[in-house]
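final.txt follows; it contains compact mmCIF, C-alpha atoms and all ligand atoms.
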```txt
# COMPACT_ATOMS: atom_id res chain seq x y z
CA MET A 1 95.11 60.23 35.28
CA THR A 2 93.31 62.87 37.33
CA ALA A 3 89.89 61.23 37.71
CA THR A 4 88.80 59.26 40.76
CA LEU A 5 87.83 55.68 39.90
CA ILE A 6 84.26 54.75 40.79
CA ASP A 7 84.66 51.22 42.16
CA GLY A 8 81.57 49.29 41.04
CA LYS A 9 82.99 46.04 42.34
CA ALA A 10 83.20 47.30 45.92
CA PHE A 11 79.83 49.07 45.65
CA ALA A 12 78.17 45.90 44.32
CA GLN A 13 79.67 43.91 47.20
CA LYS A 14 78.04 46.32 49.66
CA VAL A 15 74.66 46.07 47.84
CA ARG A 16 74.88 42.26 47.89
CA SER A 17 75.69 42.16 51.58
CA ASP A 18 72.68 44.43 52.29
CA VAL A 19 70.55 42.06 50.17
CA ALA A 20 71.88 39.01 52.07
CA ARG A 21 70.96 40.71 55.38
CA ASP A 22 67.42 41.45 54.07
CA VAL A 23 67.01 37.87 52.81
CA LYS A 24 67.98 36.54 56.23
CA SER A 25 65.53 38.87 57.94
CA LEU A 26 62.75 37.87 55.52
CA ARG A 27 63.38 34.21 56.31
CA ASP A 28 63.86 34.57 60.09
CA ASN A 29 61.25 37.21 60.89
CA HIS A 30 58.62 36.80 58.18
CA GLY A 31 58.93 33.14 57.08
CA VAL A 32 59.43 34.22 53.47
CA HIS A 33 62.25 32.83 51.30
CA PRO A 34 62.76 35.03 48.19
CA GLY A 35 63.18 33.16 44.91
CA LEU A 36 64.48 34.26 41.52
CA ALA A 37 63.90 32.32 38.30
CA VAL A 38 66.24 32.87 35.35
CA VAL A 39 65.33 31.54 31.91
CA ILE A 40 67.79 31.32 29.03
CA VAL A 41 66.94 30.17 25.51
CA GLY A 42 69.77 29.04 23.25
CA GLU A 43 73.54 28.99 23.46
CA ASP A 44 74.68 32.62 23.14
CA ALA A 45 78.09 32.51 24.90
CA ALA A 46 77.95 35.96 26.52
CA SER A 47 74.39 35.34 27.77
CA GLN A 48 75.45 32.03 29.27
CA VAL A 49 78.23 33.72 31.25
CA TYR A 50 75.83 36.42 32.52
CA VAL A 51 73.21 33.84 33.48
CA ARG A 52 75.70 31.60 35.30
CA ASN A 53 76.82 34.63 37.33
CA LYS A 54 73.21 35.60 38.10
CA VAL A 55 72.34 32.07 39.26
CA ARG A 56 75.48 31.78 41.42
CA GLN A 57 75.06 35.17 43.08
CA THR A 58 71.36 34.52 43.74
CA ALA A 59 72.31 31.47 45.79
CA GLU A 60 75.18 33.34 47.49
CA VAL A 61 72.79 35.93 49.02
CA GLY A 62 70.63 33.10 50.38
CA MET A 63 67.77 33.24 47.87
CA GLN A 64 66.16 30.29 46.11
CA SER A 65 67.56 30.12 42.61
CA PHE A 66 65.63 28.51 39.75
CA HIS A 67 67.50 28.12 36.48
CA PHE A 68 65.87 27.00 33.22
CA GLU A 69 67.92 26.33 30.09
CA MET A 70 65.79 25.92 26.98
CA ASP A 71 66.91 24.75 23.58
CA ALA A 72 67.53 27.38 20.85
CA SER A 73 64.71 25.79 18.82
CA THR A 74 62.15 26.36 21.63
CA ASP A 75 59.02 27.94 20.14
CA GLN A 76 57.39 31.08 21.48
CA LYS A 77 54.34 29.23 22.79
CA THR A 78 56.49 26.91 24.92
CA LEU A 79 58.50 29.82 26.33
CA ILE A 80 55.31 31.75 27.14
CA SER A 81 53.91 28.64 28.89
CA LYS A 82 57.08 28.51 31.01
CA VAL A 83 56.68 32.18 31.97
CA LYS A 84 53.03 31.57 32.90
CA GLU A 85 54.06 28.61 35.04
CA LEU A 86 56.59 30.85 36.86
CA ASN A 87 53.96 33.61 37.26
CA ALA A 88 51.79 31.06 39.09
CA ASP A 89 54.58 29.58 41.23
CA PRO A 90 54.48 31.08 44.76
CA ARG A 91 58.16 30.19 45.35
CA VAL A 92 59.15 32.54 42.52
CA ASN A 93 59.20 36.26 43.39
CA GLY A 94 61.27 37.40 40.43
CA ILE A 95 61.42 36.27 36.79
CA LEU A 96 64.19 37.14 34.35
CA VAL A 97 64.17 35.98 30.73
CA GLN A 98 67.66 36.59 29.39
CA LEU A 99 67.81 38.72 26.23
CA PRO A 100 68.44 38.57 23.34
CA LEU A 101 66.03 35.74 22.46
CA PRO A 102 66.39 33.77 19.21
CA ASP A 103 65.03 35.62 16.15
CA HIS A 104 61.91 33.46 15.81
CA ILE A 105 60.64 34.63 19.22
CA ASP A 106 58.90 37.98 19.72
CA GLU A 107 60.70 39.45 22.76
CA ALA A 108 57.94 41.95 23.52
CA ALA A 109 55.30 39.20 23.60
CA VAL A 110 57.36 37.23 26.11
CA ILE A 111 58.10 40.25 28.31
CA GLU A 112 54.44 41.26 28.34
CA THR A 113 53.55 37.79 29.68
CA ILE A 114 55.65 38.27 32.82
CA ASN A 115 53.57 39.34 35.82
CA PRO A 116 54.69 43.00 36.27
CA ALA A 117 55.01 42.39 40.04
CA LYS A 118 57.63 39.68 39.29
CA ASP A 119 59.34 41.61 36.46
CA VAL A 120 62.67 42.20 38.24
CA ASP A 121 64.19 43.45 34.96
CA GLY A 122 61.64 46.29 34.87
CA PHE A 123 61.06 45.72 31.14
CA HIS A 124 57.25 45.21 31.18
CA VAL A 125 55.27 48.20 29.82
CA VAL A 126 53.54 48.53 33.18
CA ASN A 127 56.93 49.09 34.82
CA SER A 128 58.34 51.35 32.08
CA GLY A 129 55.05 53.27 32.25
CA LYS A 130 55.36 53.67 36.01
CA LEU A 131 58.95 54.88 35.60
CA ALA A 132 57.80 57.46 33.05
CA THR A 133 54.89 58.69 35.15
CA GLY A 134 56.10 58.86 38.72
CA GLY A 135 57.67 55.60 39.86
CA GLY A 136 56.60 52.81 42.16
CA GLY A 137 57.42 50.00 39.72
CA MET A 138 60.47 47.81 39.12
CA VAL A 139 63.43 49.78 37.71
CA PRO A 140 65.78 48.17 35.12
CA CYS A 141 68.92 46.90 36.85
CA THR A 142 71.73 48.51 34.84
CA PRO A 143 70.36 52.08 34.93
CA LEU A 144 69.47 51.61 38.62
CA GLY A 145 73.08 50.60 39.32
CA CYS A 146 74.38 53.62 37.37
CA LEU A 147 72.09 55.96 39.29
CA MET A 148 73.20 54.54 42.65
CA MET A 149 76.87 55.07 41.74
CA LEU A 150 76.20 58.61 40.51
CA GLN A 151 74.23 59.52 43.64
CA ASP A 152 76.93 58.05 45.87
CA ASN A 153 79.62 59.96 43.99
CA LEU A 154 77.90 63.29 43.37
CA GLY A 155 75.20 63.60 46.02
CA ASP A 156 72.53 66.04 44.83
CA MET A 157 72.45 66.13 41.01
CA SER A 158 69.81 68.87 40.71
CA GLY A 159 70.36 71.14 37.76
CA LEU A 160 73.32 69.23 36.33
CA ARG A 161 73.42 68.59 32.59
CA ALA A 162 73.42 64.87 31.75
CA VAL A 163 73.86 63.23 28.38
CA VAL A 164 72.91 59.60 27.84
CA VAL A 165 74.54 58.19 24.72
CA GLY A 166 72.28 55.35 23.52
CA ARG A 167 68.50 54.96 23.45
CA SER A 168 67.84 51.29 24.21
CA ASN A 169 64.84 50.18 26.25
CA ILE A 170 67.19 48.29 28.58
CA VAL A 171 69.56 51.15 29.43
CA GLY A 172 69.33 54.47 27.55
CA LYS A 173 65.66 55.35 27.93
CA PRO A 174 65.23 54.29 31.59
CA MET A 175 68.58 55.92 32.46
CA ALA A 176 67.40 59.23 31.03
CA GLN A 177 64.19 58.94 33.02
CA LEU A 178 66.06 58.28 36.28
CA LEU A 179 68.35 61.27 35.68
CA LEU A 180 65.31 63.43 34.95
CA ASP A 181 63.73 62.24 38.22
CA ALA A 182 67.00 63.28 39.92
CA ASN A 183 66.39 66.80 38.53
CA CYS A 184 69.10 66.71 35.86
CA THR A 185 68.68 68.45 32.51
CA VAL A 186 68.82 65.41 30.24
CA THR A 187 69.78 64.88 26.61
CA ILE A 188 69.51 61.50 24.89
CA ALA A 189 72.06 61.21 22.09
CA HIS A 190 72.18 58.38 19.55
CA SER A 191 73.54 57.30 16.19
CA ARG A 192 71.65 60.07 14.34
CA THR A 193 72.71 62.87 16.69
CA LYS A 194 74.21 65.63 14.52
CA ASP A 195 77.06 66.81 16.75
CA LEU A 196 77.80 64.15 19.36
CA PRO A 197 81.10 65.73 20.51
CA ALA A 198 79.27 68.99 21.31
CA GLU A 199 76.49 67.19 23.21
CA VAL A 200 79.04 65.28 25.30
CA ALA A 201 81.17 68.40 25.86
CA ALA A 202 78.19 70.24 27.37
CA ALA A 203 77.47 67.53 29.94
CA ASP A 204 78.35 67.39 33.65
CA ILE A 205 77.34 63.71 33.63
CA VAL A 206 78.00 61.35 30.71
CA VAL A 207 76.42 57.88 30.59
CA ALA A 208 77.67 55.90 27.60
CA ALA A 209 75.54 52.92 26.56
CA VAL A 210 75.93 52.43 22.82
CA GLY A 211 77.80 49.13 22.65
CA ARG A 212 80.57 50.50 20.42
CA PRO A 213 84.15 50.21 21.66
CA GLU A 214 85.67 53.56 22.74
CA MET A 215 83.22 55.55 20.65
CA VAL A 216 83.05 58.42 23.14
CA LYS A 217 86.40 60.18 22.86
CA GLY A 218 88.28 61.43 25.89
CA GLU A 219 88.78 64.88 24.35
CA TRP A 220 84.99 65.38 24.19
CA ILE A 221 84.62 65.14 27.99
CA LYS A 222 84.04 68.41 29.82
CA PRO A 223 86.79 68.94 32.42
CA GLY A 224 85.37 67.92 35.81
CA ALA A 225 82.54 65.80 34.38
CA THR A 226 81.47 62.45 35.86
CA VAL A 227 81.55 59.55 33.41
CA VAL A 228 79.66 56.25 33.66
CA ASP A 229 80.61 53.69 31.03
CA VAL A 230 78.02 50.93 30.50
CA GLY A 231 79.77 49.36 27.51
CA ILE A 232 81.50 45.99 27.70
CA ASN A 233 83.22 45.30 24.37
CA ARG A 234 85.78 42.61 23.66
CA ILE A 235 88.41 43.76 21.17
CA PRO A 236 91.59 42.19 19.75
CA ALA A 237 94.72 42.88 21.84
CA PRO A 238 97.69 41.87 19.68
CA GLU A 239 100.01 43.61 22.18
CA LYS A 240 99.12 40.81 24.65
CA GLY A 241 99.96 38.11 22.12
CA GLU A 242 98.45 36.51 19.07
CA GLY A 243 94.70 35.87 19.34
CA LYS A 244 94.44 37.68 22.69
CA THR A 245 91.60 40.06 23.51
CA ARG A 246 90.75 42.67 26.12
CA LEU A 247 87.63 44.38 27.42
CA VAL A 248 86.98 48.05 26.75
CA GLY A 249 84.00 50.28 27.38
CA ASP A 250 82.15 52.71 25.13
CA VAL A 251 84.44 55.50 26.38
CA GLU A 252 88.09 56.03 25.51
CA PHE A 253 89.10 55.43 29.12
CA ALA A 254 92.66 56.76 29.51
CA ALA A 255 92.00 60.05 27.72
CA ALA A 256 88.64 60.55 29.46
CA ALA A 257 90.26 59.92 32.85
CA GLU A 258 92.61 62.88 32.18
CA ARG A 259 89.62 65.23 32.06
CA ALA A 260 86.87 63.73 34.20
CA ARG A 261 86.59 64.19 37.98
CA ALA A 262 85.32 60.62 38.36
CA ILE A 263 84.89 57.68 35.98
CA THR A 264 83.81 54.03 36.08
CA PRO A 265 86.40 51.54 34.77
CA VAL A 266 85.67 48.61 32.43
CA PRO A 267 85.69 45.97 33.80
CA GLY A 268 84.85 46.63 37.47
CA GLY A 269 82.48 49.58 37.03
CA VAL A 270 78.84 49.23 35.99
CA GLY A 271 79.01 45.46 35.25
CA PRO A 272 78.99 44.13 38.83
CA MET A 273 76.24 46.58 39.81
CA THR A 274 73.76 45.10 37.32
CA ILE A 275 73.49 41.73 39.07
CA ALA A 276 73.58 43.35 42.51
CA CYS A 277 70.56 45.47 41.49
CA LEU A 278 68.79 42.40 40.12
CA LEU A 279 69.08 40.82 43.58
CA LYS A 280 67.98 44.08 45.20
CA ASN A 281 64.94 44.21 42.88
CA THR A 282 64.06 40.63 43.84
CA VAL A 283 63.95 41.66 47.51
CA THR A 284 61.83 44.70 46.59
CA ALA A 285 59.43 42.46 44.63
CA THR A 286 59.22 39.95 47.50
CA LEU A 287 58.40 42.71 49.99
CA SER A 288 55.63 44.16 47.88
CA GLN A 289 54.13 40.76 46.96
CA ASN A 290 53.91 39.93 50.68
CA ASN A 291 52.82 43.42 51.86
CA ILE A 292 55.91 43.65 54.08
CA ASP A 293 57.11 47.12 55.09
CA PRO A 294 60.82 47.50 54.15
CA ALA A 295 61.32 49.28 57.47
CA SER A 296 60.39 46.06 59.29
CA LEU A 297 63.46 44.20 58.00
N1 LIG A 301 70.69 41.03 28.32
C1 LIG A 301 71.61 42.00 28.55
N2 LIG A 301 71.31 42.69 29.67
C2 LIG A 301 70.18 42.13 30.17
C3 LIG A 301 69.39 42.40 31.32
O1 LIG A 301 69.66 43.31 32.12
N3 LIG A 301 68.30 41.60 31.48
C4 LIG A 301 67.98 40.62 30.60
N4 LIG A 301 66.88 39.90 30.83
N5 LIG A 301 68.69 40.35 29.52
C5 LIG A 301 69.79 41.10 29.32
```

Can you dump the structure from the file as structure tokens?
Ligand code: GUN
Amino acid sequence: MTATLIDGKAFAQKVRSDVARDVKSLRDNHGVHPGLAVVIVGEDAASQVYVRNKVRQTAEVGMQSFHFEMDASTDQKTLISKVKELNADPRVNGILVQLPLPDHIDEAAVIETINPAKDVDGFHVVNSGKLATGGGGMVPCTPLGCLMMLQDNLGDMSGLRAVVVGRSNIVGKPMAQLLLDANCTVTIAHSRTKDLPAEVAAADIVVAAVGRPEMVKGEWIKPGATVVDVGINRIPAPEKGEGKTRLVGDVEFAAAAERARAITPVPGGVGPMTIACLLKNTVTATLSQNNIDPASL
């Protein structure tokens, strides 16, 4: 392997300790105790793991943590009422409704109910609109974490070619916007892209967020490129024993690491940064809701 590993676990630890310091200062110097509410509907196993981690880490940085588990049969009206209740609750500075929601619920309708000032996921159209037109809103956590790691690793990214593989509202589209704001020349590739290997091979920065195990091949990576792998895919690992599994990203890691200058591992890359950025966004939301200057912390 020639690439440097980008250690998301250590980076996330640093972000969380900065957040914990800000939370303490908010409480001690401003009498404000930030609170984050997390709502989960149904029993999706992966979502439950994510939500448990979010709730635990919220408490660990000293914030108030509100956790609501709703039955899979919850109707849209009831969920929207819950969101409205949280919008009106002064103890709640951030609201996160875990996705995906059950099929009978219209995700967009729920997201649009969240007060944009409390939308710490940055999914509300007001926040995606702000991101597209000059900033100042909440930025989705996973792309924000990727950007922070890229900036830390590369410094100025002006003029670099970036390819984002994947066009989801949660990662691909906001990621492309953030890279554009960082003065990269950005391509968004997706399942209909005609020559994906050529798009990847032209890029100085590759962000893979397609949710398909090892779809981006190592041999496509331009020598010296920086690779951020957002994918977390569980695949069978018969070499570890019958019924065993392992986690892989959307990039063929070992082969990519032979060509890249730096790469995020899976696990321990982007994953830990997502929750750290959620906590960071909750502090940002608390500051702006209370008209507190970040410099005063
Ligand atoms: N499901 C997968 N990732 C996310 C996320 O960042 N936020 C929410 N609300 N749901 C998710």

Ligand LIG 301 (chain A) neighbours within 10 Å using all atoms listed in the file, as a ChimeraX atom specification
/A:38-40,46-47,50-51,95-101,111,119-123,140-143,170-171,271,274-275,277-278

Spatial neighbours of Pro102 (chain A), 10 Å, only C-alpha atoms, chain gap at least 6 places, as a PDB file with C-alpha atoms, keeping the file's coordinate frame:
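The file below, part_29.pdb, is the result:
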```
ATOM      1  CA  VAL A  41      66.940  30.170  25.510  1.00  0.00           C
ATOM      2  CA  GLY A  42      69.770  29.040  23.250  1.00  0.00           C
ATOM      3  CA  GLU A  43      73.540  28.990  23.460  1.00  0.00           C
ATOM      4  CA  ASP A  44      74.680  32.620  23.140  1.00  0.00           C
ATOM      5  CA  ALA A  72      67.530  27.380  20.850  1.00  0.00           C
ATOM      6  CA  SER A  73      64.710  25.790  18.820  1.00  0.00           C
ATOM      7  CA  THR A  74      62.150  26.360  21.630  1.00  0.00           C
ATOM      8  CA  ASP A  75      59.020  27.940  20.140  1.00  0.00           C
ATOM      9  CA  GLN A  76      57.390  31.080  21.480  1.00  0.00           C
TER      10      GLN A  76
END
```

Which polymer residues have any atom within 9 Å of an atom of region 219-223 of chain A, counting all atoms listed in the file, with same-chain residues fewer than 3 positions away left out, as a list in words?
Leu196, Pro197, Ala198, Glu199, Val200, Ala201, Ala202, Ala203, Asp204, Val206, Val216, Thr226, Val227, Glu252, Ala255, Ala256, Glu258, Arg259, Ala260 and Arg261 of chain A

Quick one: contact table of region 31-145 of chain A to region 16-19 of chain A, 9 Å max, nearest atom pair and distance in Å to one decimal per residue, counting all atoms listed in the file, chain and number order, as a tab-separated table?
```
residue	atom	partner	partner_atom	distance
A:Gln57	CA	A:Arg16	CA	8.6
A:Glu60	CA	A:Arg16	CA	8.9
A:Val61	CA	A:Val19	CA	6.6
A:Gly62	CA	A:Val19	CA	9.0
```

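The shortest atom-to-atom distance to Leu131 (chain A), with all atoms listed in the file taken into account, belongs to A:Met175 out of A:Met175, A:Met63, A:Leu26, A:Val210.
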
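CA of Thr284 (chain A) is found 9.7 Å from CA of Ala117 (chain A).
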
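Reported to one decimal place, the separation of CA of Asn169 (chain A) from CA of Lys54 (chain A) is 20.6 Å.
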